[in-house]
Amino acid sequence: MSEKITTCLWFDTEGEEAAEFYCSVIPRSRVTGVQRYGEAGPGEPGRVMTVEFELDGRPYVALNGGPHFRFNEAVSFQVACADQDEVDHYWSTLSDGGEEGPCGWLKDRYGLSWQVVPTALPQLLADPDPERAQRAMKAMMSMRKLDIAGLQAAADG
């Protein structure tokens, strides 16, 4: 028997909607199960209690637990993007109805934080030339949505 770790995301009532949205955005994702509250509660009988889903093959659970807890930036999902087209796609899709933040961070319409990061960024920040890496870092700190060409140009000086 193998043990699994599954991330549980607490929503007020929109867990099913959020899971379906995330699955529509992230490739190789799907809803795998929906459980409803019964007569024993604590939610209204028949309402969605949990939604099991996978994002790119990783398991998650959305729990409709009520308005008691909200997401914050202490936990975020990071999306590695191969090119600017991917950055643009994830940025516009995930931030729609949400809030754009600095340095590639955003909150989606449900309040969950995401980091939309081009795979070029960690390479630039780990450049063996510390001045080059610092120029890339300074450029990143001035951006909202990350711009690969701008990061590269800054690193190049």
# chains A, B, ... in the order shown; residues from 1 in each chain; ligands from 1
$ select_by_dssp --residues "chain A" --states "strand (DSSP E)" --output "PyMOL selection string"
chain A and resi 7-11+30-36+48-55+58-64+76-81+99-100+105-107+113-118
$ select_by_dssp --residues "segment 7-103 of chain A" --states "helix (DSSP H, G or I)" --output "PyMOL selection string"
chain A and resi 15-25+84-95
$ residues_around --residues "segment 25-30 of chain A" --least-positions-apart "2" --cutoff "6 Å" --atoms "only C-alpha atoms" --output "list in words"
Tyr22, Cys23, Phe53, Glu54, Leu55 and Asp56 of chain A
$ write_last_selection --atoms "N, CA and C atoms" --output "PDB file, in the first residue's frame"
ATOM      1  N   TYR A  22     -10.185  25.003 -12.839  1.00  0.00           N
ATOM      2  CA  TYR A  22      -8.777  24.619 -12.846  1.00  0.00           C
ATOM      3  C   TYR A  22      -8.518  23.501 -13.858  1.00  0.00           C
ATOM      4  N   CYS A  23      -9.415  22.540 -13.920  1.00  0.00           N
ATOM      5  CA  CYS A  23      -9.252  21.432 -14.877  1.00  0.00           C
ATOM      6  C   CYS A  23      -9.351  21.913 -16.320  1.00  0.00           C
ATOM      7  N   PHE A  53     -10.168  15.998  -7.669  1.00  0.00           N
ATOM      8  CA  PHE A  53      -9.737  16.308  -9.021  1.00  0.00           C
ATOM      9  C   PHE A  53      -8.231  16.190  -9.129  1.00  0.00           C
ATOM     10  N   GLU A  54      -7.755  16.130 -10.361  1.00  0.00           N
ATOM     11  CA  GLU A  54      -6.328  16.065 -10.637  1.00  0.00           C
ATOM     12  C   GLU A  54      -5.945  17.241 -11.516  1.00  0.00           C
ATOM     13  N   LEU A  55      -4.830  17.869 -11.191  1.00  0.00           N
ATOM     14  CA  LEU A  55      -4.237  18.902 -12.033  1.00  0.00           C
ATOM     15  C   LEU A  55      -2.902  18.359 -12.508  1.00  0.00           C
ATOM     16  N   ASP A  56      -2.792  18.156 -13.814  1.00  0.00           N
ATOM     17  CA  ASP A  56      -1.586  17.583 -14.404  1.00  0.00           C
ATOM     18  C   ASP A  56      -1.194  16.298 -13.677  1.00  0.00           C
TER      19      ASP A  56
END
$ atom_distance --atom1 "atom CA of Leu106 of chain A" --atom2 "atom CA of Asp156 of chain A"
27.1 Å
$ residues_around --residues "Cys103 of chain A" --least-positions-apart "6" --cutoff "6 Å" --atoms "only C-alpha atoms" --output "list of chain:residue names"
A:Met140, A:Met141, A:Met143, A:Arg144
$ residues_around --residues "Glu44 of chain A" --least-positions-apart "6" --cutoff "12 Å" --atoms "only C-alpha atoms" --output "ChimeraX atom specification"
/A:13,36-38,64-66
$ residues_around --residues "segment 124-136 of chain A" --least-positions-apart "6" --cutoff "6 Å" --atoms "only C-alpha atoms" --output "PyMOL selection string"
chain A and resi 151+154-155
$ closest_residue --among "A:Leu121, A:Val48, A:Val116, A:Val34" --to "Ser76 of chain A" --atoms "only C-alpha atoms"
A:Val116
$ atom_distance --atom1 "atom CA of Leu146 of chain A" --atom2 "atom CA of Ser95 of chain A"
13.5 Å
$ atom_distance --atom1 "atom CA of Trp10 of chain A" --atom2 "atom CA of Glu99 of chain A"
19.1 Å
$ residues_around --residues "Lys4 of chain A" --least-positions-apart "4" --cutoff "12 Å" --atoms "only C-alpha atoms" --output "list in words"
Arg58, Pro59 and Tyr60 of chain A
$ write_last_selection --atoms "N, CA and C atoms" --output "mmCIF file, in the first residue's frame"
data_model
loop_
_atom_site.group_PDB
_atom_site.id
_atom_site.type_symbol
_atom_site.label_atom_id
_atom_site.label_comp_id
_atom_site.auth_asym_id
_atom_site.auth_seq_id
_atom_site.Cartn_x
_atom_site.Cartn_y
_atom_site.Cartn_z
ATOM 1 N N ARG A 58 -1.755 15.420 -10.565
ATOM 2 C CA ARG A 58 -1.602 15.520 -9.110
ATOM 3 C C ARG A 58 -2.969 15.622 -8.452
ATOM 4 N N PRO A 59 -3.175 14.879 -7.349
ATOM 5 C CA PRO A 59 -4.497 14.869 -6.720
ATOM 6 C C PRO A 59 -4.756 16.076 -5.822
ATOM 7 N N TYR A 60 -6.003 16.537 -5.859
ATOM 8 C CA TYR A 60 -6.473 17.628 -5.004
ATOM 9 C C TYR A 60 -7.891 17.319 -4.572
#
$ closest_residue --among "A:Glu39, A:Asp88, A:Glu20, A:Glu73" --to "Glu52 of chain A" --atoms "only C-alpha atoms"
A:Glu20
$ closest_residue --among "A:Ser92, A:Ser142, A:Thr50, A:Gln115" --to "Glu17 of chain A" --atoms "only C-alpha atoms"
A:Thr50
$ closest_residue --among "A:Asp12, A:Asp85, A:Asp96, A:Asp147" --to "Leu63 of chain A" --atoms "only C-alpha atoms"
A:Asp12
